[in-house]
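Below is start-v1.cif, which holds mmCIF, C-alpha atoms.
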data_protein
#
loop_
_atom_site.label_atom_id
_atom_site.label_comp_id
_atom_site.auth_asym_id
_atom_site.auth_seq_id
_atom_site.Cartn_x
_atom_site.Cartn_y
_atom_site.Cartn_z
CA MET L 1 -2.58 31.70 -3.96
CA GLN L 2 0.53 30.45 -2.14
CA LYS L 3 2.76 28.25 -4.32
CA ILE L 4 5.63 25.85 -3.74
CA SER L 5 8.69 25.82 -6.01
CA PHE L 6 9.15 23.03 -8.53
CA LYS L 7 12.16 21.79 -6.58
CA ASN L 8 10.14 21.41 -3.38
CA THR L 9 7.29 19.80 -5.34
CA LEU L 10 9.79 17.16 -6.44
CA PHE L 11 10.93 16.68 -2.83
CA ILE L 12 7.32 16.24 -1.62
CA GLY L 13 6.72 13.77 -4.45
CA SER L 14 9.92 11.99 -3.44
CA LEU L 15 8.64 11.83 0.14
CA LEU L 16 5.33 10.29 -0.94
CA PHE L 17 7.10 7.80 -3.20
CA GLY L 18 9.52 6.92 -0.42
CA LEU L 19 6.71 6.33 2.05
CA LEU L 20 4.71 4.11 -0.32
CA PHE L 21 7.45 2.12 -2.05
CA GLY L 22 8.63 -0.75 0.13
CA ALA L 23 10.20 -4.15 -0.51
CA GLY L 24 6.93 -5.69 -1.70
CA ASN L 25 6.73 -3.08 -4.46
CA LEU L 26 10.12 -4.28 -5.68
CA ILE L 27 9.33 -7.98 -5.59
CA PHE L 28 5.82 -8.15 -7.10
CA PRO L 29 6.64 -6.68 -10.55
CA VAL L 30 9.73 -8.90 -10.99
CA ASN L 31 7.67 -12.00 -10.26
CA MET L 32 4.92 -10.71 -12.57
CA GLY L 33 7.42 -10.30 -15.43
CA GLN L 34 8.50 -13.93 -15.11
CA LEU L 35 4.89 -15.17 -15.06
CA ALA L 36 3.47 -12.85 -17.75
CA GLY L 37 6.18 -13.61 -20.31
CA GLY L 38 5.32 -12.05 -23.66
CA ASN L 39 2.30 -10.33 -22.08
CA SER L 40 4.43 -8.40 -19.59
CA LEU L 41 3.69 -4.94 -20.97
CA LEU L 42 -0.06 -5.47 -20.82
CA ALA L 43 0.21 -6.92 -17.31
CA SER L 44 2.33 -3.99 -16.14
CA PHE L 45 -0.34 -1.52 -17.37
CA GLY L 46 -2.89 -3.33 -15.23
CA PHE L 47 -0.51 -3.31 -12.28
CA ILE L 48 0.02 0.44 -12.64
CA LEU L 49 -3.73 1.08 -12.79
CA THR L 50 -4.29 -0.26 -9.26
CA GLY L 51 -0.77 -0.20 -7.80
CA VAL L 52 -0.24 3.47 -8.69
CA GLY L 53 -3.68 4.84 -9.54
CA ILE L 54 -5.57 3.87 -6.37
CA PRO L 55 -2.88 5.15 -3.94
CA PHE L 56 -2.77 8.43 -5.88
CA LEU L 57 -6.55 8.73 -5.63
CA GLY L 58 -6.29 8.00 -1.90
CA VAL L 59 -4.01 10.95 -1.22
CA LEU L 60 -5.99 13.12 -3.64
CA ALA L 61 -9.23 12.22 -1.81
CA ILE L 62 -7.80 13.58 1.43
CA GLY L 63 -6.81 16.82 -0.31
CA LEU L 64 -10.08 17.31 -2.18
CA SER L 65 -12.26 16.56 0.84
CA GLY L 66 -10.56 19.24 2.93
CA VAL L 67 -9.92 16.83 5.83
CA GLU L 68 -6.52 16.28 7.37
CA ASP L 69 -6.48 12.56 8.06
CA VAL L 70 -8.23 9.26 7.52
CA PHE L 71 -10.28 9.58 10.74
CA GLN L 72 -12.01 12.72 9.48
CA LEU L 73 -12.59 11.05 6.12
CA ALA L 74 -14.13 7.94 7.72
CA LYS L 75 -16.27 10.13 10.00
CA LYS L 76 -18.41 10.88 6.94
CA VAL L 77 -19.88 7.40 7.57
CA GLY L 78 -20.21 7.98 11.31
CA LYS L 79 -17.98 8.68 14.31
CA PRO L 80 -18.04 5.14 15.78
CA TYR L 81 -17.16 3.73 12.37
CA ALA L 82 -14.34 6.27 12.02
CA TYR L 83 -12.73 5.05 15.26
CA PHE L 84 -13.12 1.41 14.22
CA PHE L 85 -11.79 1.89 10.68
CA THR L 86 -8.86 4.13 11.65
CA VAL L 87 -7.65 1.89 14.47
CA ALA L 88 -7.97 -1.23 12.30
CA LEU L 89 -6.13 0.40 9.39
CA TYR L 90 -3.20 1.71 11.43
CA PHE L 91 -2.69 -1.52 13.34
CA CYS L 92 -2.72 -3.52 10.09
CA ILE L 93 -0.40 -1.18 8.25
CA GLY L 94 1.63 -0.66 11.42
CA PRO L 95 2.82 -2.97 14.21
CA LEU L 96 0.75 -6.06 13.45
CA PHE L 97 1.73 -6.59 9.83
CA ALA L 98 3.58 -4.14 7.61
CA VAL L 99 6.24 -2.82 10.02
CA PRO L 100 7.52 -6.21 11.30
CA ARG L 101 7.51 -7.51 7.72
CA LEU L 102 9.76 -4.64 6.62
CA ALA L 103 12.54 -5.67 9.03
CA SER L 104 12.09 -9.38 8.28
CA THR L 105 12.18 -8.82 4.51
CA SER L 106 15.30 -6.66 4.73
CA TYR L 107 17.06 -9.33 6.75
CA THR L 108 15.89 -12.28 4.64
CA ILE L 109 17.03 -10.79 1.32
CA GLY L 110 19.91 -8.59 2.46
CA LEU L 111 21.75 -10.44 5.23
CA SER L 112 20.37 -13.95 5.76
CA PRO L 113 22.08 -15.52 2.68
CA TYR L 114 25.49 -14.66 4.12
CA LEU L 115 25.02 -16.18 7.59
CA PRO L 116 25.33 -19.84 8.62
CA GLU L 117 22.11 -21.55 9.71
CA LYS L 118 23.11 -21.60 13.40
CA PHE L 119 23.41 -17.78 13.45
CA GLN L 120 20.10 -17.02 11.71
CA SER L 121 18.05 -16.34 14.87
CA ALA L 122 20.76 -14.22 16.45
CA GLY L 123 21.32 -12.42 13.16
CA LEU L 124 17.63 -11.55 12.81
CA PHE L 125 17.49 -10.36 16.43
CA ALA L 126 20.52 -8.06 16.03
CA PHE L 127 19.48 -6.80 12.59
CA SER L 128 15.86 -6.06 13.55
CA LEU L 129 16.97 -4.35 16.78
CA ILE L 130 19.27 -1.98 14.87
CA PHE L 131 16.68 -1.55 12.10
CA PHE L 132 13.89 -0.53 14.50
CA LEU L 133 16.11 1.72 16.61
CA ILE L 134 17.12 3.65 13.49
CA ALA L 135 13.53 3.79 12.22
CA TRP L 136 12.19 4.94 15.61
CA TYR L 137 14.90 7.60 15.99
CA PHE L 138 14.15 9.21 12.63
CA SER L 139 10.37 8.90 13.07
CA LYS L 140 10.28 11.01 16.24
CA ASN L 141 9.85 14.32 14.43
CA SER L 142 7.47 14.18 11.47
CA LYS L 143 8.55 17.69 10.41
CA ASN L 144 11.95 16.27 9.45
CA LEU L 145 10.55 13.49 7.26
CA LEU L 146 10.86 15.61 4.12
CA ASN L 147 14.59 15.97 4.74
CA ILE L 148 15.13 12.39 5.93
CA ILE L 149 13.07 10.52 3.34
CA GLY L 150 12.30 12.98 0.55
CA LYS L 151 15.79 14.47 0.26
CA VAL L 152 18.12 11.69 1.50
CA LEU L 153 16.83 8.11 1.78
CA ASN L 154 14.58 8.01 -1.26
CA PRO L 155 17.01 9.69 -3.69
CA ALA L 156 19.73 7.30 -2.46
CA PHE L 157 17.36 4.35 -2.91
CA LEU L 158 16.35 5.45 -6.42
CA ALA L 159 19.98 6.02 -7.43
CA LEU L 160 20.95 2.48 -6.37
CA LEU L 161 17.83 0.93 -7.91
CA PHE L 162 18.16 2.75 -11.25
CA PHE L 163 21.85 1.77 -11.39
CA LEU L 164 20.81 -1.88 -11.25
CA LEU L 165 17.85 -1.46 -13.61
CA ILE L 166 19.84 0.46 -16.24
CA ILE L 167 22.39 -2.37 -16.29
CA CYS L 168 19.52 -4.86 -16.71
CA MET L 169 18.13 -2.89 -19.66
CA VAL L 170 21.48 -2.15 -21.34
CA PHE L 171 22.77 -5.71 -20.87
CA PRO L 172 19.58 -7.82 -20.95
CA MET L 173 19.87 -11.44 -19.87
CA GLY L 174 17.57 -12.48 -22.70
CA ASP L 175 14.82 -11.31 -25.03
CA GLY L 176 11.78 -12.82 -23.35
CA SER L 177 9.26 -11.58 -25.89
CA GLY L 178 8.51 -15.13 -27.00
CA THR L 179 8.24 -16.52 -23.47
CA GLN L 180 4.94 -18.29 -22.90
CA PRO L 181 2.79 -16.63 -20.19
CA VAL L 182 1.81 -18.75 -17.20
CA GLY L 183 -1.69 -19.32 -15.79
CA GLU L 184 -4.08 -16.39 -15.88
CA TYR L 185 -1.44 -14.20 -17.56
CA LEU L 186 -2.09 -16.21 -20.73
CA LYS L 187 -5.86 -15.57 -20.77
CA GLN L 188 -6.24 -12.16 -19.10
CA PRO L 189 -2.85 -10.50 -18.48
CA PHE L 190 -4.26 -7.02 -17.93
CA LEU L 191 -6.78 -8.16 -15.30
CA GLU L 192 -4.15 -10.30 -13.57
CA GLY L 193 -1.88 -7.25 -13.46
CA VAL L 194 -4.77 -5.27 -11.97
CA LYS L 195 -5.12 -7.92 -9.26
CA ASN L 196 -1.40 -7.85 -8.47
CA GLY L 197 -1.37 -4.07 -8.18
CA TYR L 198 -4.39 -4.30 -5.90
CA ASN L 199 -2.45 -6.72 -3.69
CA THR L 200 0.31 -4.18 -2.97
CA LEU L 201 -2.10 -2.71 -0.35
CA ASP L 202 -0.80 0.77 -1.16
CA ALA L 203 -4.34 2.19 -0.95
CA LEU L 204 -4.16 1.54 2.80
CA ALA L 205 -0.69 3.03 2.97
CA ALA L 206 -1.81 6.14 1.04
CA LEU L 207 -4.57 6.79 3.58
CA ALA L 208 -2.22 6.07 6.47
CA PHE L 209 0.42 8.48 5.17
CA SER L 210 -2.03 11.25 4.26
CA ILE L 211 -1.57 12.90 7.65
CA LEU L 212 2.19 13.22 7.04
CA ILE L 213 1.81 14.52 3.47
CA ILE L 214 -0.76 17.16 4.46
CA GLN L 215 1.42 18.26 7.39
CA THR L 216 4.44 18.58 5.08
CA ILE L 217 2.50 20.65 2.54
CA LYS L 218 1.18 22.92 5.30
CA SER L 219 4.74 23.47 6.56
CA PHE L 220 5.35 25.45 3.35
CA GLY L 221 2.58 27.89 4.26
CA LEU L 222 -0.25 26.35 2.23
CA THR L 223 -3.44 26.31 4.28
CA THR L 224 -6.52 26.51 2.04
CA LYS L 225 -8.23 23.45 0.56
CA LYS L 226 -7.51 24.70 -2.98
CA GLU L 227 -3.80 25.19 -2.28
CA ILE L 228 -3.40 21.80 -0.59
CA THR L 229 -5.34 19.96 -3.31
CA SER L 230 -3.29 21.62 -6.05
CA GLN L 231 -0.03 20.65 -4.38
CA VAL L 232 -1.20 17.08 -3.75
CA MET L 233 -2.02 16.83 -7.45
CA LYS L 234 1.39 18.16 -8.54
CA SER L 235 3.37 15.97 -6.15
CA GLY L 236 1.15 12.99 -6.99
CA ILE L 237 1.97 13.31 -10.68
CA VAL L 238 5.67 13.05 -9.78
CA VAL L 239 4.93 9.82 -7.89
CA VAL L 240 2.80 8.38 -10.70
CA LEU L 241 5.54 8.99 -13.27
CA ILE L 242 8.41 7.59 -11.17
CA MET L 243 6.44 4.57 -9.96
CA SER L 244 5.23 3.73 -13.46
CA ILE L 245 8.77 3.82 -14.86
CA VAL L 246 10.09 1.70 -11.99
CA TYR L 247 7.28 -0.88 -12.24
CA ILE L 248 7.61 -1.33 -16.01
CA THR L 249 11.39 -1.65 -15.78
CA LEU L 250 11.20 -4.15 -12.89
CA THR L 251 8.63 -6.19 -14.83
CA PHE L 252 10.92 -6.42 -17.85
CA ALA L 253 13.93 -7.20 -15.66
CA GLY L 254 11.96 -10.21 -14.43
CA LEU L 255 11.03 -11.15 -17.99
CA PHE L 256 14.61 -10.88 -19.28
CA SER L 257 15.93 -12.96 -16.35
CA LEU L 258 14.24 -16.02 -17.90
CA GLY L 259 17.02 -15.95 -20.48
CA LYS L 260 19.41 -17.26 -17.81
CA PHE L 261 17.26 -18.65 -14.97
CA GLU L 262 14.18 -20.75 -14.42
CA GLN L 263 11.06 -19.11 -13.05
CA SER L 264 11.66 -18.36 -9.36
CA GLU L 265 9.41 -19.13 -6.42
CA ASN L 266 9.06 -15.41 -5.71
CA GLY L 267 10.32 -12.02 -6.87
CA GLY L 268 12.85 -11.77 -4.05
CA ILE L 269 14.74 -14.83 -5.27
CA ALA L 270 14.55 -13.58 -8.86
CA LEU L 271 15.84 -10.14 -7.93
CA SER L 272 18.75 -11.71 -6.04
CA GLN L 273 19.64 -13.88 -9.05
CA ILE L 274 19.50 -10.86 -11.37
CA ALA L 275 21.73 -8.72 -9.13
CA ASN L 276 24.32 -11.47 -8.64
CA TYR L 277 24.41 -12.33 -12.33
CA GLN L 278 24.82 -8.73 -13.48
CA LEU L 279 27.29 -7.56 -10.83
CA SER L 280 28.74 -10.72 -9.26
CA SER L 281 29.42 -10.41 -5.52
CA PHE L 282 28.86 -6.64 -5.63
CA GLY L 283 25.31 -7.35 -6.81
CA GLY L 284 24.42 -8.97 -3.50
CA ILE L 285 25.73 -5.96 -1.58
CA LEU L 286 23.88 -3.56 -3.88
CA LEU L 287 20.62 -5.48 -3.50
CA ALA L 288 21.02 -5.56 0.29
CA LEU L 289 21.35 -1.76 0.29
CA ILE L 290 18.38 -1.32 -2.07
CA ILE L 291 16.12 -3.54 0.03
CA THR L 292 17.22 -2.00 3.33
CA PHE L 293 16.69 1.56 2.07
CA ALA L 294 13.30 0.58 0.64
CA CYS L 295 12.13 -0.94 3.92
CA LEU L 296 13.72 1.59 6.28
CA LYS L 297 12.15 4.67 4.72
CA THR L 298 8.71 3.06 4.72
CA ALA L 299 9.14 1.90 8.33
CA ILE L 300 10.06 5.43 9.42
CA GLY L 301 6.92 6.79 7.80
CA LEU L 302 4.64 4.10 9.21
CA ILE L 303 5.93 4.48 12.77
CA SER L 304 5.59 8.26 12.56
CA ALA L 305 2.07 8.06 11.11
CA PHE L 306 1.03 5.53 13.76
CA GLY L 307 2.25 7.82 16.54
CA GLU L 308 0.69 10.94 15.06
CA THR L 309 -2.68 9.25 14.59
CA ALA L 310 -2.71 7.68 18.06
CA GLU L 311 -2.11 11.09 19.60
CA GLU L 312 -4.85 12.65 17.43
CA LEU L 313 -7.44 10.01 18.30
CA PHE L 314 -6.52 9.55 21.96
CA PRO L 315 -4.93 12.75 23.36
CA SER L 316 -3.95 10.97 26.58
CA ILE L 317 -1.49 8.89 24.52
CA SER L 318 1.56 10.84 23.36
CA LYS L 319 3.16 10.24 19.98
CA LYS L 320 6.37 9.20 21.75
CA TYR L 321 4.81 6.33 23.69
CA ALA L 322 2.59 5.26 20.78
CA SER L 323 5.66 5.06 18.52
CA ILE L 324 7.61 3.08 21.12
CA THR L 325 4.68 0.68 21.46
CA CYS L 326 4.51 0.28 17.69
CA VAL L 327 8.24 -0.48 17.49
CA ALA L 328 8.18 -2.88 20.45
CA ILE L 329 5.30 -4.95 19.03
CA ALA L 330 6.83 -4.96 15.54
CA PHE L 331 10.24 -6.04 16.92
CA LEU L 332 8.65 -8.89 18.86
CA LEU L 333 6.61 -10.14 15.90
CA ALA L 334 9.51 -9.84 13.47
CA ASN L 335 11.50 -12.25 15.67
CA VAL L 336 9.03 -14.75 17.08
CA GLY L 337 5.80 -14.86 15.15
CA LEU L 338 5.80 -13.10 11.81
CA THR L 339 4.63 -16.08 9.77
CA GLN L 340 1.69 -16.66 12.07
CA ILE L 341 0.84 -12.96 12.20
CA ILE L 342 0.87 -12.73 8.41
CA THR L 343 -1.52 -15.68 8.28
CA LEU L 344 -3.82 -13.95 10.76
CA ALA L 345 -3.45 -10.55 9.11
CA VAL L 346 -4.53 -11.62 5.61
CA PRO L 347 -8.23 -11.97 6.54
CA VAL L 348 -8.12 -8.58 8.27
CA LEU L 349 -6.57 -6.99 5.20
CA MET L 350 -9.16 -8.63 2.93
CA PHE L 351 -11.80 -7.12 5.19
CA ILE L 352 -10.47 -3.58 5.39
CA TYR L 353 -9.07 -3.04 1.88
CA PRO L 354 -12.42 -2.78 0.01
CA LEU L 355 -13.68 -0.45 2.74
CA ALA L 356 -10.68 1.80 2.12
CA ILE L 357 -11.18 1.87 -1.64
CA THR L 358 -14.90 2.67 -1.44
CA LEU L 359 -14.17 5.42 1.09
CA ILE L 360 -11.66 6.93 -1.35
CA LEU L 361 -14.06 6.74 -4.30
CA LEU L 362 -16.99 8.18 -2.33
CA SER L 363 -14.86 11.11 -1.22
CA LEU L 364 -13.93 11.85 -4.84
CA LEU L 365 -17.56 11.55 -5.98
CA GLU L 366 -18.60 13.95 -3.24
CA ASN L 367 -17.06 16.79 -5.23
CA LEU L 368 -19.55 16.04 -8.02
CA ILE L 369 -22.76 15.15 -6.18
CA GLY L 370 -22.23 16.73 -2.76
CA TYR L 371 -22.10 15.05 0.64
CA HIS L 372 -24.90 12.61 1.46
CA ARG L 373 -24.32 10.55 4.58
CA GLU L 374 -26.93 8.03 3.42
CA ILE L 375 -24.74 7.14 0.42
CA TYR L 376 -21.68 6.63 2.63
CA VAL L 377 -23.65 4.42 5.03
CA TRP L 378 -25.31 2.23 2.38
CA VAL L 379 -22.15 1.75 0.31
CA THR L 380 -20.07 0.96 3.40
CA SER L 381 -22.69 -1.49 4.71
CA PHE L 382 -22.96 -3.42 1.43
CA THR L 383 -19.17 -3.42 0.99
CA MET L 384 -18.69 -4.64 4.54
CA ILE L 385 -20.87 -7.69 3.93
CA ILE L 386 -18.65 -8.79 1.03
CA SER L 387 -15.52 -7.87 2.98
CA ILE L 388 -16.60 -10.16 5.81
CA ILE L 389 -17.16 -13.00 3.31
CA ASP L 390 -13.71 -12.39 1.75
CA ALA L 391 -12.12 -12.32 5.20
CA LEU L 392 -13.74 -15.64 6.13
CA LYS L 393 -12.65 -17.19 2.82
CA SER L 394 -9.05 -16.19 3.68
CA SER L 395 -9.19 -17.58 7.24
CA GLY L 396 -8.11 -21.15 6.54
CA GLU L 397 -9.91 -24.44 6.05
CA THR L 398 -11.02 -24.77 9.68
CA ILE L 399 -13.28 -21.73 9.42
CA GLN L 400 -14.18 -22.29 5.77
CA ASN L 401 -15.52 -25.78 6.50
CA LEU L 402 -17.86 -24.72 9.30
CA PRO L 403 -21.34 -25.89 8.18
CA PHE L 404 -23.17 -22.68 9.04
CA LEU L 405 -20.66 -20.63 6.99
CA ARG L 406 -20.46 -22.85 3.93
CA SER L 407 -23.56 -21.48 2.18
CA LEU L 408 -22.47 -17.91 2.91
CA LEU L 409 -19.04 -18.53 1.38
CA ASP L 410 -20.58 -20.27 -1.63
CA LEU L 411 -22.76 -17.20 -2.16
CA GLY L 412 -19.63 -15.05 -2.18
CA ASP L 413 -18.15 -17.18 -4.98
CA ILE L 414 -20.97 -16.41 -7.43
CA ILE L 415 -20.71 -12.64 -7.08
CA PRO L 416 -19.21 -11.05 -10.23
CA PHE L 417 -15.42 -10.40 -10.08
CA ALA L 418 -15.11 -12.32 -6.76
CA SER L 419 -12.38 -14.56 -8.19
CA LEU L 420 -10.25 -11.47 -8.88
CA GLY L 421 -10.73 -10.06 -5.39
CA PHE L 422 -13.21 -7.45 -6.60
CA GLY L 423 -16.43 -9.02 -5.36
CA TRP L 424 -17.23 -5.78 -3.54
CA ILE L 425 -17.71 -3.76 -6.76
CA LEU L 426 -21.29 -4.73 -7.65
CA PRO L 427 -22.63 -4.61 -4.04
CA SER L 428 -21.05 -1.18 -3.54
CA ILE L 429 -22.75 0.10 -6.72
CA ILE L 430 -26.08 -1.27 -5.46
CA GLY L 431 -25.43 0.44 -2.12
CA PHE L 432 -24.68 3.69 -3.92
CA VAL L 433 -27.98 3.57 -5.85
CA ILE L 434 -29.99 2.79 -2.71
CA GLY L 435 -28.15 5.50 -0.75
CA PHE L 436 -28.74 8.06 -3.48
CA ILE L 437 -32.47 7.30 -3.60
CA HIS L 438 -32.61 7.36 0.21
CA SER L 439 -30.94 10.78 0.33
CA LYS L 440 -33.37 12.19 -2.28
CA LEU L 441 -36.40 10.82 -0.44
CA LYS L 442 -35.08 12.25 2.82
CA SER L 443 -34.56 15.65 1.21
CA SER L 444 -38.08 15.58 -0.27
CA GLN L 445 -39.55 14.63 3.10
CA ALA L 446 -37.68 17.48 4.78
CA ILE L 447 -39.03 19.97 2.20
CA ASN L 448 -42.58 18.66 2.67
CA ASP L 449 -42.26 19.01 6.44
CA LEU L 450 -41.15 22.63 6.04
CA ASN L 451 -44.10 23.41 3.78
CA LYS L 452 -46.68 22.04 6.18
#

The structure given in the file should be rewritten as C-alpha cells.
Amino acid sequence: MQKISFKNTLFIGSLLFGLLFGAGNLIFPVNMGQLAGGNSLLASFGFILTGVGIPFLGVLAIGLSGVEDVFQLAKKVGKPYAYFFTVALYFCIGPLFAVPRLASTSYTIGLSPYLPEKFQSAGLFAFSLIFFLIAWYFSKNSKNLLNIIGKVLNPAFLALLFFLLIICMVFPMGDGSGTQPVGEYLKQPFLEGVKNGYNTLDALAALAFSILIIQTIKSFGLTTKKEITSQVMKSGIVVVLIMSIVYITLTFAGLFSLGKFEQSENGGIALSQIANYQLSSFGGILLALIITFACLKTAIGLISAFGETAEELFPSISKKYASITCVAIAFLLANVGLTQIITLAVPVLMFIYPLAITLILLSLLENLIGYHREIYVWVTSFTMIISIIDALKSSGETIQNLPFLRSLLDLGDIIPFASLGFGWILPSIIGFVIGFIHSKLKSSQAINDLNK
C-alpha cells in the first residue's frame, strides 16, 4: 500500500486545519471562557466534541464512502437532492455568507479601530478589494493549496497565535477559577459548549473542503479507498490535536481576561483587549495579522472549492469564471449588505446544517450495515421537516407570527433537544428505524418475487 511520509501527513493536516479554522473559530472560545467562568474546562470539552469531532467525521465520511465530493455523497439520497444540497451548501459556505464575512471580520478587528469614522466605508472597500484579489489569485490552482496554506499561511498563523497564547498562559491576567458562570453555563456547561461548537458550522466546511483534501491526497499517488481513508484518518488526528489545544487555550485566555476586564459583548472585543493588554500597541498589530491570516487562508480554500465544485456539477461553467463570480458576489456583499445577508443566511444555515450532519452519520453507518437508499431517504425526509421548522423559527418575528405557522412552530418547541438546536436528533432516529424496516421488507419482497 502506498504511504505518505510523516512530514507530508503533517502538511496535509495543516492544510485541513488552515481551511477549517477561520476568525469565528478564534472568537467563539474566548467568549465562551468569559461566560463559562469556573466551568470553562467542561464547556471546552463540549465545544471540542462538536467543533472538532463533527468536522473530522465529515472528512472521514468522504474517505470511508469512497466518493470524491459532497455531491456523490448526497447522491445516496437521490440525484435531484444531491444537486439541491450541494448548490445550497456551497452558496451558503461561499459567496452568500462565509466568504464576505471573512473579509468584513478581518477589516473590523484588524484595521477598522485605527481609522476615523469618515474613512470607514472607503477603508472597507480598499481592504476587501485587496483581500479578495489575493484570495482569488492563490485559489486559482488547487494543486498549490498544500504549499500556500499547509506549508506557509497556516504555519505562520499558528506561530503568531501560539506566541500570543503562550504569553497569556505564562503571564495570566487573573485566576478565573472562582468566576461565576453565566446563564446556561451555570446549569449545563458541557451541553452549552456542545451547542457553541455546533454553531461554528465547520461540519458544512468539512464537506465543502473534502474535494480539496481528497485531491491533495491523490496528488501523492494514493488512489485506493483504503489508502485515502487511512491518510484522512492520520491527517485528521493532527487536526483534532491542534484544534483541541488551541480551543482549550483560547477558552482559558478568555477566562483569565476577566481578571482585568469586564465581560465583553463578543469574543472579538475580548481578544482585542487581551492582545493590547499583553503586548501594548504591538498587540493590536499582532492580532490584525492573526485575524487576517485566519480569514485569508479560509477564503482561499472556499473560493477554490466553490470553483472546483461548480465545474464538476456544471461542466459548461469553468472553475475560473465560477471563482470570479464567487469573489464578485462576496466583495459586493462585504461592502453593501453583509448584515442583511447574515440575517437572511441564518435560516438557510439552520435548514442545511442538520441535513449535513445526518448525511455524515449515515455515510459512517453504511460501513457497518451496508448501503440502503431507503434509510437515507427516510432519515433525510424526517430531518428536513425539523430543519424547515428551525429555519422558520430563525426567520424573524414577521414570519414567526403568521397564524398558519404558529402551531407548526409550537410543535417544534416541544421536540426533545430543540432548545439546544438538536431537535432533529429524535426525528432522524425515527426515520432511521422506519428506513431500516422498509429496506428489510423490500429485500424480503424481492426474494419472494424471485422464488415465485

Could you tell me which residues the PyMOL selection byres ((chain L and resi 321) around 12) grabs in this file, written as a PyMOL selection string? chain L and resi 136+140+303-304+306-308+310-311+314-320+322-328

Evaluate the PyMOL selection byres ((chain L and resi 92-102) around 7) and record the selected residues as a compact mmCIF listing (two decimals) with C-alpha atoms, in the frame of the given file, following the chain and residue labels used in the document.
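Dumped to out_35.txt:
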# COMPACT_ATOMS: atom_id res chain seq x y z
CA ALA L 88 -7.97 -1.23 12.30
CA LEU L 89 -6.13 0.40 9.39
CA TYR L 90 -3.20 1.71 11.43
CA PHE L 91 -2.69 -1.52 13.34
CA ALA L 103 12.54 -5.67 9.03
CA SER L 104 12.09 -9.38 8.28
CA THR L 105 12.18 -8.82 4.51
CA SER L 106 15.30 -6.66 4.73
CA ALA L 205 -0.69 3.03 2.97
CA CYS L 295 12.13 -0.94 3.92
CA ALA L 299 9.14 1.90 8.33
CA LEU L 302 4.64 4.10 9.21
CA ILE L 303 5.93 4.48 12.77
CA PHE L 306 1.03 5.53 13.76
CA CYS L 326 4.51 0.28 17.69
CA VAL L 327 8.24 -0.48 17.49
CA ILE L 329 5.30 -4.95 19.03
CA ALA L 330 6.83 -4.96 15.54
CA PHE L 331 10.24 -6.04 16.92
CA LEU L 333 6.61 -10.14 15.90
CA ALA L 334 9.51 -9.84 13.47
CA ILE L 341 0.84 -12.96 12.20
CA ILE L 342 0.87 -12.73 8.41
CA ALA L 345 -3.45 -10.55 9.11

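When CA of Ile430 in chain L is paired with CA of Val379 in chain L, their separation reads 7.6 Å.
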
Between CA of Gly370 in chain L and CA of Ile437 in chain L, what is the spacing in Å?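 These atoms are spaced 13.9 Å apart.
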
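Among the candidate residues L:Leu364, L:Phe71, L:Phe351, L:Ile167, the one lying nearest to Thr249 in chain L is L:Ile167, with distances computed using all atoms listed in the file.
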
Quick one: of L:Lys393, L:Val194, L:Ser272, L:Val77, who's nearest to His372 in chain L, counting all atoms listed in the file?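 Of the candidates, the smallest distance to His372 in chain L is held by L:Val77.
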
Please, what distance in Å, to one decimal, runs between CA of Ala82 in chain L and CA of Val70 in chain L?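 Separation between CA of Ala82 in chain L and CA of Val70 in chain L: 8.2 Å.
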
Applied to the shown file, which residues does the PyMOL selection byres ((chain L and resi 202) around 9) return, written as JSON, numbers by chain? {"L": [20, 21, 50, 51, 52, 54, 55, 197, 198, 199, 200, 201, 203, 204, 205, 206, 207]}

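Using all atoms listed in the file, the smallest distance between any of L:Met350, L:Leu250, L:Ile228, L:Ile12 and Gly150 in chain L comes from L:Ile12.
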
Looking at L:Ile285, L:Leu361, L:Val30, L:Ala36, which one is nearest to Tyr376 in chain L, with distances taken over only C-alpha atoms? L:Leu361

Please determine, counting all atoms listed in the file, which residue among L:Gln72, L:Asn8, L:Ser257, L:Ser128 has the shortest atom-to-atom distance to Leu146 in chain L.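 Distance minimum relative to Leu146 in chain L lands on L:Asn8.
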
Which residues are close to Leu35 in chain L, i.e. within 8 Å by all atoms listed in the file, leaving aside same-chain residues fewer than 5 positions away? Reply as a ChimeraX atom specification. /L:181-183,185,255,263

Could you check which of L:Leu191, L:Val152, L:Leu15, L:Leu41 is closest to Leu420 in chain L, using all atoms listed in the file? L:Leu191

Residues near Ala126 in chain L, cut-off 12 Å, only C-alpha atoms, skip fewer than 4 positions along chain, as a PyMOL selection string: chain L and resi 103-104+107+111-112+119-122+130-133+331+334-335

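The list of residues with at least one atom within 7 Å of range 234-244 of chain L, based on all atoms listed in the file and without residues fewer than 4 positions apart in the same chain, reads Thr9, Leu10, Ile12, Gly13, Leu16, Phe17, Ile48, Val52, Phe56, Ser230 and Ile248 of chain L.
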
Counting all atoms listed in the file, which residues in range 374-405 of chain L sit no more than 10 Å from range 73-76 of chain L? For each one, give the nearest pair of atoms and the distance in Å, sorted by chain then residue number, as a tab-separated table.
residue	atom	partner	partner_atom	distance
L:Glu374	CA	L:Lys76	CA	9.6
L:Ile375	CA	L:Lys76	CA	9.8
L:Tyr376	CA	L:Lys76	CA	6.9
L:Val377	CA	L:Lys76	CA	8.5

I'd like the neighbourhood of Phe417 in chain L as a ChimeraX atom specification, where a residue qualifies if any of its atoms comes within 12 Å (using all atoms listed in the file), though same-chain residues fewer than 5 positions away should be ignored. /L:191-192,194-195,386,412,422-427
